[in-house]
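To start, the structure itself, in structure tokens.
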Amino acid sequence: MLRPYYGLYLVLGMVFRVTEAVIGLLKLDLVARALEAKFGNFIIGLNDSRPKEDAPTDSVSKTELDHLAKMVTFWWNKTGPAKMLHTFYQVRVPLVVEGLAETGRISKADISKPDSLKGVRILEAGCGGGVLAEDLARLGAYVVGVDPGTEMIDLAKRHLETESADLKDRLEYHAITVEEHAKKFAGTYDAIVCSEVMEHVDEKVPILEACVRCLKPGGSLFVTTENQTMLAWFMFIIIPEYILKFIPKGTHFYEKFVSPGQISKILDQYQCKTKRVRGFFYDRMFNSWSFIESDECNYGLHAVKK
């Protein structure tokens, strides 16, 4: 159920759409980027000015991995800074389950069953500490979680061993990039989930190409991330990092956000067709998620490999 906070969200969306139109008309974005190139960041959360020279050959830099490693301390605290990750299942699990039912990989009659994903082999690309991987495994899927952050993988393994031992027979983790994983496991998976990863990588193409390569023909790719809009900049950078300060500054940057159209365009190059895009709304007052018609803030995308 959408609560009154959603009304404020709609108003903000309208204000930022008008602002974006004015910026586009006057070419102010080009002016801002030129000034930042000369004088450094003055619009908070716009560009990632951290060093890139320590980036590995794959899509995510060591600088980014080191920053994300700081979140290990609160990743599994369901009432702490990462609490929104733990209620995110309200939309991203249905995104996967309903998407697989639409392609016929599972029966529509099984959607509401506690083992609705039984027999489905899923790769989570960029699994972090394992929150979503465990959610999917609890529905019967066999889940392989990969992430280049060794601290996060160690955390996921510890949580599996100590808190979710009942899932050990259908969940495994590996400290590796999806690009490396794809070299050995091409055409292996029924579904791949790349959730809240795209906004942390410098290069979108390599990770998306690797995800498609890992899919079986007819397999589904699910991507969730933030759109590159001023509304997303305000809701997922300014509020959590600079106003409420419950996640570290520098966790997100507007320049790394990506629109569903951009993702679809990349996937088309690898014979993976976008079937559906669904907008998400996060109610910070009640820590709950809902599907909405608009995808201008954050969204889930479902694509199918030909």
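Letters for chains follow the order of the structure tokens (A, B, ...), residue numbers begin at 1 for each chain, and ligand numbers begin at 1 in the order shown.
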
For this session: Compile the contact shell of Glu255 (chain A) as a list of chain:residue names: residues with an atom at most 9 Å away, counting only C-alpha atoms, same-chain residues fewer than 6 positions apart removed.
Result: A:Gly45, A:Leu46, A:Asn47, A:Asp48, A:Glu199, A:Gln228

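For Val143 (chain A), the set of protein, DNA and RNA residues having any atom at most 7 Å away, when counting only C-alpha atoms and skipping those fewer than 2 positions along the same chain, is Arg121, Ile122, Leu123, Ala133, Ala137, Ala141, Gly145, Arg170, Leu171 and Glu172 of chain A.
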
With N, CA, C and O atoms retained, could you export that selection as a PDB file, in the first residue's frame?
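The file below, selection.pdb, is the result:
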```pdb
ATOM      1  N   ARG A 121      18.224 -22.604 -11.531  1.00  0.00           N
ATOM      2  CA  ARG A 121      19.618 -22.297 -11.221  1.00  0.00           C
ATOM      3  C   ARG A 121      19.859 -20.817 -11.487  1.00  0.00           C
ATOM      4  O   ARG A 121      19.692 -20.335 -12.615  1.00  0.00           O
ATOM      5  N   ILE A 122      20.264 -20.074 -10.441  1.00  0.00           N
ATOM      6  CA  ILE A 122      20.385 -18.618 -10.512  1.00  0.00           C
ATOM      7  C   ILE A 122      21.801 -18.184 -10.153  1.00  0.00           C
ATOM      8  O   ILE A 122      22.393 -18.685  -9.186  1.00  0.00           O
ATOM      9  N   LEU A 123      22.325 -17.239 -10.920  1.00  0.00           N
ATOM     10  CA  LEU A 123      23.582 -16.581 -10.576  1.00  0.00           C
ATOM     11  C   LEU A 123      23.261 -15.179 -10.091  1.00  0.00           C
ATOM     12  O   LEU A 123      22.545 -14.440 -10.768  1.00  0.00           O
ATOM     13  N   ALA A 133      20.663 -13.359  -2.247  1.00  0.00           N
ATOM     14  CA  ALA A 133      20.977 -14.758  -2.533  1.00  0.00           C
ATOM     15  C   ALA A 133      20.232 -15.686  -1.574  1.00  0.00           C
ATOM     16  O   ALA A 133      19.671 -16.712  -1.990  1.00  0.00           O
ATOM     17  N   ALA A 137      17.326 -18.438  -2.451  1.00  0.00           N
ATOM     18  CA  ALA A 137      17.558 -19.831  -2.070  1.00  0.00           C
ATOM     19  C   ALA A 137      16.433 -20.362  -1.190  1.00  0.00           C
ATOM     20  O   ALA A 137      16.070 -21.540  -1.263  1.00  0.00           O
ATOM     21  N   ALA A 141      15.529 -22.145  -5.104  1.00  0.00           N
ATOM     22  CA  ALA A 141      16.502 -22.035  -6.185  1.00  0.00           C
ATOM     23  C   ALA A 141      17.882 -22.483  -5.732  1.00  0.00           C
ATOM     24  O   ALA A 141      18.212 -22.412  -4.538  1.00  0.00           O
ATOM     25  N   GLY A 145      26.476 -17.126  -5.815  1.00  0.00           N
ATOM     26  CA  GLY A 145      26.735 -15.706  -5.627  1.00  0.00           C
ATOM     27  C   GLY A 145      28.192 -15.394  -5.904  1.00  0.00           C
ATOM     28  O   GLY A 145      29.079 -16.044  -5.349  1.00  0.00           O
ATOM     29  N   ARG A 170      22.057 -25.445  -1.155  1.00  0.00           N
ATOM     30  CA  ARG A 170      21.635 -24.811  -2.409  1.00  0.00           C
ATOM     31  C   ARG A 170      22.135 -23.367  -2.543  1.00  0.00           C
ATOM     32  O   ARG A 170      21.518 -22.548  -3.234  1.00  0.00           O
ATOM     33  N   LEU A 171      23.276 -23.095  -1.924  1.00  0.00           N
ATOM     34  CA  LEU A 171      23.834 -21.754  -2.009  1.00  0.00           C
ATOM     35  C   LEU A 171      25.351 -21.818  -1.894  1.00  0.00           C
ATOM     36  O   LEU A 171      25.891 -22.459  -0.998  1.00  0.00           O
ATOM     37  N   GLU A 172      26.043 -21.168  -2.824  1.00  0.00           N
ATOM     38  CA  GLU A 172      27.503 -21.110  -2.777  1.00  0.00           C
ATOM     39  C   GLU A 172      27.977 -19.721  -3.171  1.00  0.00           C
ATOM     40  O   GLU A 172      27.305 -19.010  -3.926  1.00  0.00           O
TER      41      GLU A 172
END
```

For this session: Please identify all polymer residues within 7 Å of Phe88 (chain A), counting only C-alpha atoms, omitting same-chain residues fewer than 4 positions from it, and present them as an MDAnalysis selection string.
Result: chainID A and resid 84 92 289

Exercise. What's the 10 Å shell around Asn77 (chain A), counting only C-alpha atoms, without same-chain residues fewer than 6 positions away, as a list in words?
Worked result: Lys83, Leu85 and His86 of chain A

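For the residues A:Arg105, A:His159, A:Lys305, A:Lys113, ranking by smallest atom-to-atom distance to Leu215 (chain A) using only C-alpha atoms places A:Lys305 first.
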
Seminar exercise, completed: Judged by only C-alpha atoms, the minimum distance to Pro51 (chain A) among A:Thr79, A:Ala109, A:Glu64, A:Leu221 is found for A:Glu64

For this session: Determine, counting only C-alpha atoms, which protein, DNA and RNA residues have an atom within 6 Å of an atom of region 294-298 of chain A; residues of the same chain fewer than 6 positions away are not included. Present the result as a list in words.
Result: Thr225, Glu226, Asn227, Leu231, Ala232, Gly279 and Phe280 of chain A

Deliver the residues from the most recent selection as a file, using N, CA and C atoms, as a short mmCIF file (atom, residue, chain, number, x, y, z; two decimals), in the first residue's frame.
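Written out: selection-v6.cif:
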```cif
data_model
loop_
_atom_site.label_atom_id
_atom_site.label_comp_id
_atom_site.auth_asym_id
_atom_site.auth_seq_id
_atom_site.Cartn_x
_atom_site.Cartn_y
_atom_site.Cartn_z
N THR A 225 18.50 -1.11 -10.35
CA THR A 225 19.46 -0.02 -10.15
C THR A 225 18.72 1.31 -10.13
N GLU A 226 19.48 2.41 -10.04
CA GLU A 226 18.89 3.75 -10.02
C GLU A 226 18.95 4.38 -11.41
N ASN A 227 17.89 5.07 -11.77
CA ASN A 227 17.85 5.79 -13.03
C ASN A 227 18.75 7.03 -12.93
N LEU A 231 15.77 13.17 -9.62
CA LEU A 231 14.98 12.58 -8.53
C LEU A 231 15.78 11.47 -7.85
N ALA A 232 16.40 10.60 -8.64
CA ALA A 232 17.21 9.52 -8.08
C ALA A 232 18.42 10.09 -7.33
N GLY A 279 8.96 0.16 -12.15
CA GLY A 279 9.45 1.16 -11.21
C GLY A 279 9.26 0.72 -9.77
N PHE A 280 10.16 1.18 -8.89
CA PHE A 280 10.09 0.90 -7.46
C PHE A 280 9.89 2.20 -6.69
#
```

I want to know what sits within 12 Å of Tyr6 (chain A), based on only C-alpha atoms, with residues of the same chain fewer than 4 positions away left out; could you give that as a tab-separated table (two decimals) with N, CA and C atoms, in the first residue's frame?
```tsv
chain	number	residue	atom	x	y	z
A	1	MET	N	0.84	-1.19	0.00
A	1	MET	CA	0.00	0.00	0.00
A	1	MET	C	0.88	1.25	0.00
A	2	LEU	N	0.57	2.19	-0.87
A	2	LEU	CA	1.32	3.44	-0.95
A	2	LEU	C	0.81	4.41	0.10
A	10	LEU	N	5.86	12.23	-5.46
A	10	LEU	CA	5.31	12.67	-6.74
A	10	LEU	C	5.58	14.15	-6.99
A	11	VAL	N	5.42	14.96	-5.94
A	11	VAL	CA	5.67	16.40	-6.07
A	11	VAL	C	7.14	16.65	-6.40
A	12	LEU	N	8.04	15.96	-5.69
A	12	LEU	CA	9.46	16.10	-5.96
A	12	LEU	C	9.78	15.69	-7.39
A	13	GLY	N	9.14	14.62	-7.83
A	13	GLY	CA	9.36	14.16	-9.20
A	13	GLY	C	9.00	15.23	-10.22
A	280	PHE	N	10.16	1.18	-8.89
A	280	PHE	CA	10.09	0.90	-7.46
A	280	PHE	C	9.89	2.20	-6.69
A	281	PHE	N	9.22	2.08	-5.57
A	281	PHE	CA	9.11	3.21	-4.63
A	281	PHE	C	9.51	2.72	-3.26
A	282	TYR	N	10.46	3.42	-2.63
A	282	TYR	CA	10.88	3.08	-1.28
A	282	TYR	C	10.34	4.11	-0.31
A	283	ASP	N	9.54	3.67	0.63
A	283	ASP	CA	8.98	4.54	1.66
A	283	ASP	C	9.90	4.51	2.87
A	284	ARG	N	10.67	5.57	3.04
A	284	ARG	CA	11.66	5.62	4.12
A	284	ARG	C	11.01	5.68	5.49
A	285	MET	N	9.81	6.23	5.56
A	285	MET	CA	9.15	6.33	6.86
A	285	MET	C	8.77	4.96	7.41
A	286	PHE	N	8.39	4.05	6.51
A	286	PHE	CA	7.91	2.74	6.94
A	286	PHE	C	8.84	1.60	6.51
A	288	SER	N	9.52	0.29	3.56
A	288	SER	CA	8.79	-0.66	2.73
A	288	SER	C	8.93	-0.28	1.26
A	289	TRP	N	8.79	-1.28	0.40
A	289	TRP	CA	8.92	-1.11	-1.04
A	289	TRP	C	7.62	-1.45	-1.76
A	290	SER	N	7.37	-0.77	-2.87
A	290	SER	CA	6.19	-1.04	-3.69
A	290	SER	C	6.56	-0.88	-5.16
A	291	PHE	N	5.80	-1.56	-6.01
A	291	PHE	CA	5.90	-1.33	-7.45
A	291	PHE	C	5.08	-0.10	-7.81
A	292	ILE	N	5.60	0.73	-8.71
A	292	ILE	CA	4.87	1.89	-9.20
A	292	ILE	C	5.03	1.97	-10.71
A	294	SER	N	6.04	4.62	-12.50
A	294	SER	CA	7.19	5.42	-12.93
A	294	SER	C	8.50	4.70	-12.63
```

Exercise. Interatomic distance between CA of Leu30 (chain A) and CA of Gln262 (chain A)?
Worked result: 19.8 Å

Problem set entry | Residues of region 53-268 of chain A in alpha helix (DSSP H), written as a PyMOL selection string | chain A and resi 62-69+83-87+89-103+131-137+150-162+178-184+204-214+230-233+260-268

Problem set entry | Proximity to Tyr89 (chain A) - best of A:Thr251, A:Ser195, A:Leu8, A:Val178, only C-alpha atoms | A:Ser195

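Distance check against Lys216 (chain A) using only C-alpha atoms: of A:Trp75, A:Trp233, A:Tyr270, A:Tyr189, the minimum falls on A:Tyr189.
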
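For region 142-260 of chain A, a DSSP pass over the backbone yields strand (DSSP E or B) at Tyr142, Val143, Val144, Gly145, Val146, Leu171, Glu172, Tyr173, His174, Tyr189, Asp190, Ala191, Ile192, Val193, Cys194, Ser195, Leu215, Lys216, Pro217, Gly218, Gly219, Ser220, Leu221, Phe222, Val223, Thr224, Thr225 and Glu226 of chain A.
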
Exercise. What's the 10 Å shell around Val93 (chain A), counting only C-alpha atoms, without same-chain residues fewer than 6 positions away, as an MDAnalysis selection string?
Worked result: chainID A and resid 99 132 135:136 139

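Among the candidates A:Val97, A:Val193, A:Met14, A:Ala210, the one nearest to Asp110 (chain A) when counting only C-alpha atoms is A:Val97.
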
I'd like a table as CSV: residues in region 187-210 of chain A with an atom no more than 12 Å from region 147-158 of chain A, each row giving the shortest atom pair and its distance in Å to one decimal, only C-alpha atoms counted, sorted by chain and rising residue number.
```
residue,atom,partner,partner_atom,distance
A:Cys194,CA,A:Asp147,CA,10.6
A:Ser195,CA,A:Asp147,CA,11.7
A:Val197,CA,A:Asp147,CA,10.0
A:Val201,CA,A:Pro148,CA,11.6
A:Ile207,CA,A:Asp147,CA,11.6
```

Seminar exercise, completed: Val131 (chain A) proximity check over A:Glu196, A:Asp190, A:Glu98, A:Glu36, using only C-alpha atoms: winner is A:Glu196
